[in-house]
file final-v1.cif (mmCIF, C-alpha atoms, pLDDT in the B column; chains and numbers go by the auth columns)
data_upload
#
loop_
_atom_site.group_PDB
_atom_site.id
_atom_site.type_symbol
_atom_site.label_atom_id
_atom_site.label_comp_id
_atom_site.label_asym_id
_atom_site.label_seq_id
_atom_site.Cartn_x
_atom_site.Cartn_y
_atom_site.Cartn_z
_atom_site.B_iso_or_equiv
_atom_site.auth_seq_id
_atom_site.auth_asym_id
ATOM 1 C CA MET A 1 84.952 31.183 -33.704 98.00 915 A
ATOM 2 C CA VAL A 2 82.513 31.116 -30.783 98.00 916 A
ATOM 3 C CA CYS A 3 80.829 33.856 -28.759 97.00 917 A
ATOM 4 C CA LEU A 4 77.483 34.080 -26.977 96.00 918 A
ATOM 5 C CA GLY A 5 74.958 35.078 -29.636 96.00 919 A
ATOM 6 C CA ASN A 6 77.027 34.754 -32.830 98.00 920 A
ATOM 7 C CA ILE A 7 76.134 38.266 -34.007 97.00 921 A
ATOM 8 C CA CYS A 8 78.986 40.514 -32.774 97.00 922 A
ATOM 9 C CA ARG A 9 82.407 39.078 -31.934 98.00 923 A
ATOM 10 C CA SER A 10 82.493 35.666 -33.596 98.00 924 A
ATOM 11 C CA PRO A 11 81.191 36.903 -36.989 98.00 925 A
ATOM 12 C CA LEU A 12 83.925 39.553 -36.961 98.00 926 A
ATOM 13 C CA ALA A 13 86.522 36.926 -36.045 98.00 927 A
ATOM 14 C CA GLU A 14 85.250 34.604 -38.773 98.00 928 A
ATOM 15 C CA GLY A 15 85.398 37.349 -41.399 98.00 929 A
ATOM 16 C CA ILE A 16 88.815 38.579 -40.304 98.00 930 A
ATOM 17 C CA LEU A 17 90.445 35.128 -40.232 98.00 931 A
ATOM 18 C CA ALA A 18 88.806 34.157 -43.530 98.00 932 A
ATOM 19 C CA SER A 19 90.311 37.276 -45.124 98.00 933 A
ATOM 20 C CA LYS A 20 93.794 36.143 -44.061 98.00 934 A
ATOM 21 C CA LEU A 21 93.669 32.495 -45.175 97.00 935 A
ATOM 22 C CA PRO A 22 93.311 30.783 -48.552 94.00 936 A
ATOM 23 C CA GLN A 23 89.679 29.613 -48.697 88.00 937 A
ATOM 24 C CA SER A 24 90.662 26.558 -50.730 91.00 938 A
ATOM 25 C CA ASN A 25 92.653 25.182 -47.778 92.00 939 A
ATOM 26 C CA PHE A 26 90.681 26.341 -44.743 95.00 940 A
ATOM 27 C CA GLN A 27 87.069 26.254 -43.588 95.00 941 A
ATOM 28 C CA ILE A 28 86.226 29.039 -41.143 97.00 942 A
ATOM 29 C CA ASP A 29 82.875 29.339 -39.410 98.00 943 A
ATOM 30 C CA SER A 30 81.374 30.868 -36.301 98.00 944 A
ATOM 31 C CA ALA A 31 78.687 29.958 -33.793 98.00 945 A
ATOM 32 C CA GLY A 32 77.183 31.070 -30.524 98.00 946 A
ATOM 33 C CA THR A 33 76.771 29.160 -27.306 98.00 947 A
ATOM 34 C CA GLY A 34 73.300 30.681 -26.954 96.00 948 A
ATOM 35 C CA ASN A 35 70.334 30.198 -29.258 96.00 949 A
ATOM 36 C CA TYR A 36 69.092 33.795 -29.132 92.00 950 A
ATOM 37 C CA HIS A 37 69.806 34.871 -32.714 95.00 951 A
ATOM 38 C CA ILE A 38 69.757 31.679 -34.816 96.00 952 A
ATOM 39 C CA GLY A 39 69.311 32.532 -38.501 97.00 953 A
ATOM 40 C CA ARG A 40 69.955 36.261 -38.072 97.00 954 A
ATOM 41 C CA GLU A 41 72.682 38.187 -39.820 97.00 955 A
ATOM 42 C CA PRO A 42 75.425 39.786 -37.726 98.00 956 A
ATOM 43 C CA ASP A 43 74.697 42.927 -35.703 97.00 957 A
ATOM 44 C CA HIS A 44 74.586 45.977 -38.001 96.00 958 A
ATOM 45 C CA ARG A 45 77.507 47.478 -36.046 95.00 959 A
ATOM 46 C CA SER A 46 79.672 44.400 -36.699 97.00 960 A
ATOM 47 C CA ILE A 47 78.746 44.548 -40.378 98.00 961 A
ATOM 48 C CA ALA A 48 79.627 48.268 -40.572 97.00 962 A
ATOM 49 C CA THR A 49 82.913 47.789 -38.719 97.00 963 A
ATOM 50 C CA ALA A 50 83.968 44.937 -41.002 98.00 964 A
ATOM 51 C CA LEU A 51 82.943 46.839 -44.151 98.00 965 A
ATOM 52 C CA LYS A 52 85.134 49.795 -43.100 97.00 966 A
ATOM 53 C CA LYS A 53 88.050 47.337 -43.296 97.00 967 A
ATOM 54 C CA GLY A 54 86.943 45.833 -46.611 98.00 968 A
ATOM 55 C CA ILE A 55 85.408 42.645 -45.164 98.00 969 A
ATOM 56 C CA ASP A 56 81.815 41.697 -45.996 98.00 970 A
ATOM 57 C CA ILE A 57 80.147 39.524 -43.337 98.00 971 A
ATOM 58 C CA THR A 58 76.557 40.118 -44.470 97.00 972 A
ATOM 59 C CA ASN A 59 76.153 36.547 -45.749 97.00 973 A
ATOM 60 C CA GLN A 60 76.800 35.021 -42.323 98.00 974 A
ATOM 61 C CA LYS A 61 73.856 33.649 -40.362 98.00 975 A
ATOM 62 C CA ALA A 62 73.930 33.031 -36.619 98.00 976 A
ATOM 63 C CA ARG A 63 73.870 29.425 -35.469 98.00 977 A
ATOM 64 C CA GLN A 64 74.337 27.607 -32.203 98.00 978 A
ATOM 65 C CA PHE A 65 77.499 25.667 -31.399 98.00 979 A
ATOM 66 C CA THR A 66 76.866 21.918 -31.415 98.00 980 A
ATOM 67 C CA VAL A 67 78.724 18.787 -30.348 98.00 981 A
ATOM 68 C CA GLU A 68 79.216 18.001 -34.062 98.00 982 A
ATOM 69 C CA ASP A 69 81.460 21.084 -34.340 98.00 983 A
ATOM 70 C CA PHE A 70 84.149 19.164 -32.448 98.00 984 A
ATOM 71 C CA ASP A 71 84.328 16.729 -35.374 97.00 985 A
ATOM 72 C CA ALA A 72 83.933 19.370 -38.083 97.00 986 A
ATOM 73 C CA PHE A 73 86.742 21.685 -36.902 97.00 987 A
ATOM 74 C CA ASP A 74 90.360 21.258 -35.823 96.00 988 A
ATOM 75 C CA TYR A 75 90.438 24.499 -33.825 97.00 989 A
ATOM 76 C CA ILE A 76 87.715 26.142 -31.764 98.00 990 A
ATOM 77 C CA PHE A 77 88.470 29.708 -30.716 98.00 991 A
ATOM 78 C CA VAL A 78 86.234 31.172 -28.023 98.00 992 A
ATOM 79 C CA MET A 79 85.832 34.861 -27.239 98.00 993 A
ATOM 80 C CA ASP A 80 85.589 34.708 -23.445 97.00 994 A
ATOM 81 C CA SER A 81 85.800 32.470 -20.396 97.00 995 A
ATOM 82 C CA SER A 82 82.040 31.974 -20.180 97.00 996 A
ATOM 83 C CA ASN A 83 81.933 30.695 -23.760 97.00 997 A
ATOM 84 C CA TYR A 84 84.982 28.559 -23.001 98.00 998 A
ATOM 85 C CA ASP A 85 83.183 26.907 -20.095 98.00 999 A
ATOM 86 C CA ASN A 86 80.027 26.360 -22.184 98.00 1000 A
ATOM 87 C CA VAL A 87 81.949 24.738 -25.046 98.00 1001 A
ATOM 88 C CA ILE A 88 84.106 22.585 -22.745 98.00 1002 A
ATOM 89 C CA GLU A 89 80.925 21.348 -21.062 98.00 1003 A
ATOM 90 C CA LEU A 90 79.821 19.859 -24.399 98.00 1004 A
ATOM 91 C CA ALA A 91 83.140 18.090 -25.034 98.00 1005 A
ATOM 92 C CA LYS A 92 83.037 14.308 -24.774 97.00 1006 A
ATOM 93 C CA SER A 93 86.793 13.682 -24.663 98.00 1007 A
ATOM 94 C CA GLU A 94 90.135 15.250 -23.820 98.00 1008 A
ATOM 95 C CA GLU A 95 90.860 15.423 -27.544 98.00 1009 A
ATOM 96 C CA GLN A 96 87.792 17.609 -28.040 98.00 1010 A
ATOM 97 C CA LYS A 97 88.655 19.778 -25.035 98.00 1011 A
ATOM 98 C CA ASN A 98 92.157 20.300 -26.433 98.00 1012 A
ATOM 99 C CA LYS A 99 90.685 21.895 -29.579 98.00 1013 A
ATOM 100 C CA VAL A 100 89.192 24.763 -27.555 98.00 1014 A
ATOM 101 C CA GLU A 101 91.292 27.886 -27.009 98.00 1015 A
ATOM 102 C CA MET A 102 90.712 31.407 -25.760 98.00 1016 A
ATOM 103 C CA ILE A 103 91.379 33.442 -28.906 98.00 1017 A
ATOM 104 C CA LEU A 104 93.280 36.259 -27.211 98.00 1018 A
ATOM 105 C CA ASN A 105 95.801 33.794 -25.766 98.00 1019 A
ATOM 106 C CA TYR A 106 97.592 34.313 -29.083 96.00 1020 A
ATOM 107 C CA LEU A 107 98.144 37.956 -28.083 95.00 1021 A
ATOM 108 C CA PHE A 108 98.381 37.437 -24.324 96.00 1022 A
ATOM 109 C CA PRO A 109 99.717 33.886 -23.818 96.00 1023 A
ATOM 110 C CA ASN A 110 98.123 31.970 -20.948 95.00 1024 A
ATOM 111 C CA GLU A 111 96.369 35.091 -19.600 97.00 1025 A
ATOM 112 C CA ASN A 112 92.856 34.005 -20.709 97.00 1026 A
ATOM 113 C CA VAL A 113 91.863 37.567 -21.581 97.00 1027 A
ATOM 114 C CA ASP A 114 88.251 37.970 -22.727 97.00 1028 A
ATOM 115 C CA VAL A 115 87.318 39.722 -25.951 96.00 1029 A
ATOM 116 C CA PRO A 116 84.939 42.372 -24.586 95.00 1030 A
ATOM 117 C CA ASP A 117 81.346 42.026 -25.765 94.00 1031 A
ATOM 118 C CA PRO A 118 80.511 45.314 -27.559 95.00 1032 A
ATOM 119 C CA TYR A 119 76.772 44.575 -27.854 92.00 1033 A
ATOM 120 C CA TYR A 120 75.622 46.969 -25.127 88.00 1034 A
ATOM 121 C CA GLY A 121 78.494 49.426 -25.487 82.00 1035 A
ATOM 122 C CA LEU A 122 79.293 52.337 -27.745 71.00 1036 A
ATOM 123 C CA GLN A 123 80.109 52.071 -31.455 67.00 1037 A
ATOM 124 C CA ASN A 124 83.844 52.389 -30.851 84.00 1038 A
ATOM 125 C CA GLY A 125 83.626 49.147 -28.864 93.00 1039 A
ATOM 126 C CA PHE A 126 83.182 47.340 -32.169 96.00 1040 A
ATOM 127 C CA ASP A 127 86.271 49.086 -33.563 96.00 1041 A
ATOM 128 C CA THR A 128 88.277 48.073 -30.489 96.00 1042 A
ATOM 129 C CA VAL A 129 87.106 44.474 -30.761 97.00 1043 A
ATOM 130 C CA TYR A 130 87.942 44.477 -34.482 98.00 1044 A
ATOM 131 C CA GLU A 131 91.503 45.652 -33.798 97.00 1045 A
ATOM 132 C CA MET A 132 92.026 43.009 -31.090 97.00 1046 A
ATOM 133 C CA LEU A 133 90.703 40.242 -33.329 98.00 1047 A
ATOM 134 C CA ASP A 134 92.635 41.477 -36.350 98.00 1048 A
ATOM 135 C CA GLU A 135 95.906 41.388 -34.435 98.00 1049 A
ATOM 136 C CA THR A 136 95.303 37.928 -32.990 98.00 1050 A
ATOM 137 C CA CYS A 137 94.044 36.573 -36.345 98.00 1051 A
ATOM 138 C CA ASP A 138 97.332 37.695 -37.951 98.00 1052 A
ATOM 139 C CA ILE A 139 99.150 35.408 -35.510 98.00 1053 A
ATOM 140 C CA ILE A 140 96.657 32.550 -35.917 98.00 1054 A
ATOM 141 C CA ALA A 141 96.727 32.749 -39.735 98.00 1055 A
ATOM 142 C CA LYS A 142 100.528 32.686 -39.792 97.00 1056 A
ATOM 143 C CA LYS A 143 100.619 29.626 -37.515 96.00 1057 A
ATOM 144 C CA LEU A 144 97.921 27.803 -39.494 96.00 1058 A
ATOM 145 C CA ILE A 145 99.617 28.476 -42.824 95.00 1059 A
ATOM 146 C CA GLU A 146 102.963 27.270 -41.448 94.00 1060 A
ATOM 147 C CA LYS A 147 101.402 24.148 -39.932 90.00 1061 A
ATOM 148 C CA HIS A 148 99.299 23.194 -42.935 84.00 1062 A
ATOM 149 C CA SER A 149 101.640 24.094 -45.793 74.00 1063 A
#
call {"tool": "encode", "arguments": {"input": "final-v1.cif", "output": "structure tokens"}}
result
Amino acid sequence: MVCLGNICRSPLAEGILASKLPQSNFQIDSAGTGNYHIGREPDHRSIATALKKGIDITNQKARQFTVEDFDAFDYIFVMDSSNYDNVIELAKSEEQKNKVEMILNYLFPNENVDVPDPYYGLQNGFDTVYEMLDETCDIIAKKLIEKHS
């Protein structure tokens, strides 16, 4: 799961998808394309939003996306087109590029809809983002379980 700073959207996406998949079979992580918040926990509003839904993301620490992530992960879900471009720029092969997907394409196929960044918005922006990610992670989890069962 990749967003800009790895403190709002991608930590929520990581926590949501992790809650839907067996941890023994899947490794879920998140990162940011920027280096602004490395080592910090998620934004307090992301933490509060996740906790309201029974998901604890307080142990996550922000990190920057690296080229090594292409080898470490089979799927790379990005939150918006800017993050998509930044991740694709780091790819060294078509195989790596093919791992990168806009996360909301699971809800809105081929529309490349961005997950809105709630950082500068109102609190309910985090709730809206949570609901979008929860719905798309239901679809992703189902597909991953089917594919890797």
call {"tool": "atom_distance", "arguments": {"input": "final-v1.cif", "atom1": "atom CA of Leu965 of chain A", "atom2": "atom CA of Gly1039 of chain A"}}
result
15.5 Å
call {"tool": "closest_residue", "arguments": {"input": "final-v1.cif", "among": "A:Leu918, A:Leu931, A:Ala964, A:Val981", "to": "Tyr950 of chain A", "atoms": "all atoms listed in the file"}}
result
A:Leu918
call {"tool": "closest_residue", "arguments": {"input": "final-v1.cif", "among": "A:Asn1019, A:Ser1007, A:Ser960, A:Thr972", "to": "Met993 of chain A", "atoms": "all atoms listed in the file"}}
result
A:Asn1019
call {"tool": "residues_around", "arguments": {"input": "final-v1.cif", "residues": "Phe1040 of chain A", "least_positions_apart": "6", "cutoff": "9 Å", "atoms": "only C-alpha atoms", "output": "ChimeraX atom specification"}}
result
/A:922-923,959-960,963,1031-1033
call {"tool": "residues_around", "arguments": {"input": "final-v1.cif", "residues": "Met1016 of chain A", "least_positions_apart": "5", "cutoff": "8 Å", "atoms": "only C-alpha atoms", "output": "list in words"}}
result
Phe991, Val992, Met993, Asp994, Ser995, Tyr998, Asn1026, Val1027 and Asp1028 of chain A
call {"tool": "write_last_selection", "arguments": {"input": "final-v1.cif", "atoms": "C-alpha atoms", "output": "PDB file, in the coordinates of the input"}}
result
ATOM      1  CA  PHE A 991      88.470  29.708 -30.716  1.00 98.00           C
ATOM      2  CA  VAL A 992      86.234  31.172 -28.023  1.00 98.00           C
ATOM      3  CA  MET A 993      85.832  34.861 -27.239  1.00 98.00           C
ATOM      4  CA  ASP A 994      85.589  34.708 -23.445  1.00 97.00           C
ATOM      5  CA  SER A 995      85.800  32.470 -20.396  1.00 97.00           C
ATOM      6  CA  TYR A 998      84.982  28.559 -23.001  1.00 98.00           C
ATOM      7  CA  ASN A1026      92.856  34.005 -20.709  1.00 97.00           C
ATOM      8  CA  VAL A1027      91.863  37.567 -21.581  1.00 97.00           C
ATOM      9  CA  ASP A1028      88.251  37.970 -22.727  1.00 97.00           C
TER      10      ASP A1028
END
call {"tool": "residues_around", "arguments": {"input": "final-v1.cif", "residues": "Asp943 of chain A", "least_positions_apart": "4", "cutoff": "9 Å", "atoms": "all atoms listed in the file", "output": "list in words"}}
result
Met915, Val916, Ser924, Pro925, Glu928, Gly929, Ala932, Gln974 and Phe987 of chain A
call {"tool": "resolve_selection", "arguments": {"input": "final-v1.cif", "expression": "the PyMOL selection byres ((chain A and resi 920) around 6)", "output": "compact mmCIF listing (two decimals) with C-alpha atoms, in the coordinates of the input"}}
result
# COMPACT_ATOMS: atom_id res chain seq x y z
CA CYS A 917 80.83 33.86 -28.76
CA LEU A 918 77.48 34.08 -26.98
CA GLY A 919 74.96 35.08 -29.64
CA ILE A 921 76.13 38.27 -34.01
CA SER A 924 82.49 35.67 -33.60
CA ALA A 945 78.69 29.96 -33.79
CA GLY A 946 77.18 31.07 -30.52
CA ALA A 976 73.93 33.03 -36.62
call {"tool": "residues_around", "arguments": {"input": "final-v1.cif", "residues": "segment 1050-1052 of chain A", "least_positions_apart": "3", "cutoff": "7 Å", "atoms": "only C-alpha atoms", "output": "list in words"}}
result
Ile930, Leu931, Leu1018, Tyr1020, Leu1021, Met1046, Leu1047, Ala1055 and Lys1056 of chain A
call {"tool": "atom_distance", "arguments": {"input": "final-v1.cif", "atom1": "atom CA of Asn973 of chain A", "atom2": "atom CA of Ile990 of chain A"}}
result
20.9 Å
call {"tool": "resolve_selection", "arguments": {"input": "final-v1.cif", "expression": "the PyMOL selection byres ((chain A and resi 955) around 6)", "output": "PyMOL selection string"}}
result
chain A and resi 954+956+974-975
call {"tool": "build_atoms", "arguments": {"input": "final-v1.cif", "residues": "segment 1000-1011 of chain A", "atoms": "all heavy atoms", "output": "PDB file, in the frame of the given file"}}
result
ATOM      1  N   ASN A1000      81.191  26.952 -21.512  1.00 98.00           N
ATOM      2  CA  ASN A1000      80.027  26.360 -22.184  1.00 98.00           C
ATOM      3  C   ASN A1000      80.437  25.349 -23.245  1.00 98.00           C
ATOM      4  O   ASN A1000      79.804  24.298 -23.393  1.00 98.00           O
ATOM      5  CB  ASN A1000      79.158  27.445 -22.815  1.00 98.00           C
ATOM      6  CG  ASN A1000      78.453  28.300 -21.791  1.00 98.00           C
ATOM      7  OD1 ASN A1000      78.218  27.884 -20.665  1.00 98.00           O
ATOM      8  ND2 ASN A1000      78.126  29.514 -22.179  1.00 98.00           N
ATOM      9  N   VAL A1001      81.486  25.651 -24.000  1.00 98.00           N
ATOM     10  CA  VAL A1001      81.949  24.738 -25.046  1.00 98.00           C
ATOM     11  C   VAL A1001      82.601  23.508 -24.421  1.00 98.00           C
ATOM     12  O   VAL A1001      82.325  22.376 -24.832  1.00 98.00           O
ATOM     13  CB  VAL A1001      82.904  25.463 -26.026  1.00 98.00           C
ATOM     14  CG1 VAL A1001      83.575  24.479 -26.970  1.00 98.00           C
ATOM     15  CG2 VAL A1001      82.139  26.530 -26.815  1.00 98.00           C
ATOM     16  N   ILE A1002      83.440  23.710 -23.417  1.00 98.00           N
ATOM     17  CA  ILE A1002      84.106  22.585 -22.745  1.00 98.00           C
ATOM     18  C   ILE A1002      83.080  21.627 -22.145  1.00 98.00           C
ATOM     19  O   ILE A1002      83.262  20.405 -22.165  1.00 98.00           O
ATOM     20  CB  ILE A1002      85.094  23.099 -21.669  1.00 98.00           C
ATOM     21  CG1 ILE A1002      86.310  23.763 -22.322  1.00 98.00           C
ATOM     22  CG2 ILE A1002      85.511  22.000 -20.708  1.00 98.00           C
ATOM     23  CD1 ILE A1002      87.213  22.838 -23.117  1.00 98.00           C
ATOM     24  N   GLU A1003      81.986  22.169 -21.652  1.00 98.00           N
ATOM     25  CA  GLU A1003      80.925  21.348 -21.062  1.00 98.00           C
ATOM     26  C   GLU A1003      80.336  20.355 -22.073  1.00 98.00           C
ATOM     27  O   GLU A1003      79.879  19.274 -21.711  1.00 98.00           O
ATOM     28  CB  GLU A1003      79.822  22.274 -20.556  1.00 98.00           C
ATOM     29  CG  GLU A1003      78.999  21.721 -19.437  1.00 98.00           C
ATOM     30  CD  GLU A1003      78.072  22.780 -18.862  1.00 98.00           C
ATOM     31  OE1 GLU A1003      78.541  23.591 -18.052  1.00 98.00           O
ATOM     32  OE2 GLU A1003      76.885  22.776 -19.250  1.00 98.00           O
ATOM     33  N   LEU A1004      80.362  20.725 -23.351  1.00 98.00           N
ATOM     34  CA  LEU A1004      79.821  19.859 -24.399  1.00 98.00           C
ATOM     35  C   LEU A1004      80.821  18.803 -24.876  1.00 98.00           C
ATOM     36  O   LEU A1004      80.435  17.838 -25.533  1.00 98.00           O
ATOM     37  CB  LEU A1004      79.376  20.696 -25.601  1.00 98.00           C
ATOM     38  CG  LEU A1004      78.205  21.641 -25.378  1.00 98.00           C
ATOM     39  CD1 LEU A1004      77.998  22.516 -26.611  1.00 98.00           C
ATOM     40  CD2 LEU A1004      76.938  20.880 -25.043  1.00 98.00           C
ATOM     41  N   ALA A1005      82.096  19.005 -24.559  1.00 98.00           N
ATOM     42  CA  ALA A1005      83.140  18.090 -25.034  1.00 98.00           C
ATOM     43  C   ALA A1005      82.967  16.713 -24.413  1.00 98.00           C
ATOM     44  O   ALA A1005      82.646  16.583 -23.238  1.00 98.00           O
ATOM     45  CB  ALA A1005      84.510  18.656 -24.717  1.00 98.00           C
ATOM     46  N   LYS A1006      83.200  15.690 -25.228  1.00 97.00           N
ATOM     47  CA  LYS A1006      83.037  14.308 -24.774  1.00 97.00           C
ATOM     48  C   LYS A1006      84.376  13.599 -24.557  1.00 97.00           C
ATOM     49  O   LYS A1006      84.401  12.428 -24.186  1.00 97.00           O
ATOM     50  CB  LYS A1006      82.189  13.538 -25.786  1.00 97.00           C
ATOM     51  CG  LYS A1006      80.766  14.092 -25.895  1.00 97.00           C
ATOM     52  CD  LYS A1006      79.913  13.203 -26.750  1.00 97.00           C
ATOM     53  CE  LYS A1006      78.506  13.677 -26.941  1.00 97.00           C
ATOM     54  NZ  LYS A1006      77.820  14.267 -25.840  1.00 97.00           N
ATOM     55  N   SER A1007      85.481  14.299 -24.836  1.00 98.00           N
ATOM     56  CA  SER A1007      86.793  13.682 -24.663  1.00 98.00           C
ATOM     57  C   SER A1007      87.849  14.768 -24.443  1.00 98.00           C
ATOM     58  O   SER A1007      87.612  15.944 -24.710  1.00 98.00           O
ATOM     59  CB  SER A1007      87.163  12.873 -25.917  1.00 98.00           C
ATOM     60  OG  SER A1007      87.383  13.746 -27.016  1.00 98.00           O
ATOM     61  N   GLU A1008      89.012  14.321 -23.986  1.00 98.00           N
ATOM     62  CA  GLU A1008      90.135  15.250 -23.820  1.00 98.00           C
ATOM     63  C   GLU A1008      90.568  15.811 -25.177  1.00 98.00           C
ATOM     64  O   GLU A1008      90.954  16.968 -25.282  1.00 98.00           O
ATOM     65  CB  GLU A1008      91.318  14.562 -23.135  1.00 98.00           C
ATOM     66  CG  GLU A1008      91.150  14.418 -21.650  1.00 98.00           C
ATOM     67  CD  GLU A1008      90.906  15.738 -20.927  1.00 98.00           C
ATOM     68  OE1 GLU A1008      91.679  16.692 -21.121  1.00 98.00           O
ATOM     69  OE2 GLU A1008      89.921  15.813 -20.159  1.00 98.00           O
ATOM     70  N   GLU A1009      90.496  14.970 -26.202  1.00 98.00           N
ATOM     71  CA  GLU A1009      90.860  15.423 -27.544  1.00 98.00           C
ATOM     72  C   GLU A1009      89.985  16.596 -27.971  1.00 98.00           C
ATOM     73  O   GLU A1009      90.475  17.583 -28.528  1.00 98.00           O
ATOM     74  CB  GLU A1009      90.727  14.274 -28.548  1.00 98.00           C
ATOM     75  CG  GLU A1009      91.100  14.660 -29.964  1.00 98.00           C
ATOM     76  CD  GLU A1009      90.856  13.546 -30.978  1.00 98.00           C
ATOM     77  OE1 GLU A1009      90.478  12.433 -30.582  1.00 98.00           O
ATOM     78  OE2 GLU A1009      91.038  13.829 -32.173  1.00 98.00           O
ATOM     79  N   GLN A1010      88.698  16.508 -27.701  1.00 98.00           N
ATOM     80  CA  GLN A1010      87.792  17.609 -28.040  1.00 98.00           C
ATOM     81  C   GLN A1010      88.100  18.842 -27.195  1.00 98.00           C
ATOM     82  O   GLN A1010      88.144  19.954 -27.709  1.00 98.00           O
ATOM     83  CB  GLN A1010      86.335  17.179 -27.862  1.00 98.00           C
ATOM     84  CG  GLN A1010      85.876  16.192 -28.914  1.00 98.00           C
ATOM     85  CD  GLN A1010      84.428  15.778 -28.746  1.00 98.00           C
ATOM     86  OE1 GLN A1010      83.825  15.937 -27.688  1.00 98.00           O
ATOM     87  NE2 GLN A1010      83.857  15.234 -29.810  1.00 98.00           N
ATOM     88  N   LYS A1011      88.332  18.645 -25.915  1.00 98.00           N
ATOM     89  CA  LYS A1011      88.655  19.778 -25.035  1.00 98.00           C
ATOM     90  C   LYS A1011      89.922  20.490 -25.500  1.00 98.00           C
ATOM     91  O   LYS A1011      90.027  21.712 -25.405  1.00 98.00           O
ATOM     92  CB  LYS A1011      88.825  19.307 -23.590  1.00 98.00           C
ATOM     93  CG  LYS A1011      87.537  18.917 -22.923  1.00 98.00           C
ATOM     94  CD  LYS A1011      87.774  18.429 -21.507  1.00 98.00           C
ATOM     95  CE  LYS A1011      86.466  17.975 -20.874  1.00 98.00           C
ATOM     96  NZ  LYS A1011      86.670  17.438 -19.520  1.00 98.00           N
TER      97      LYS A1011
END
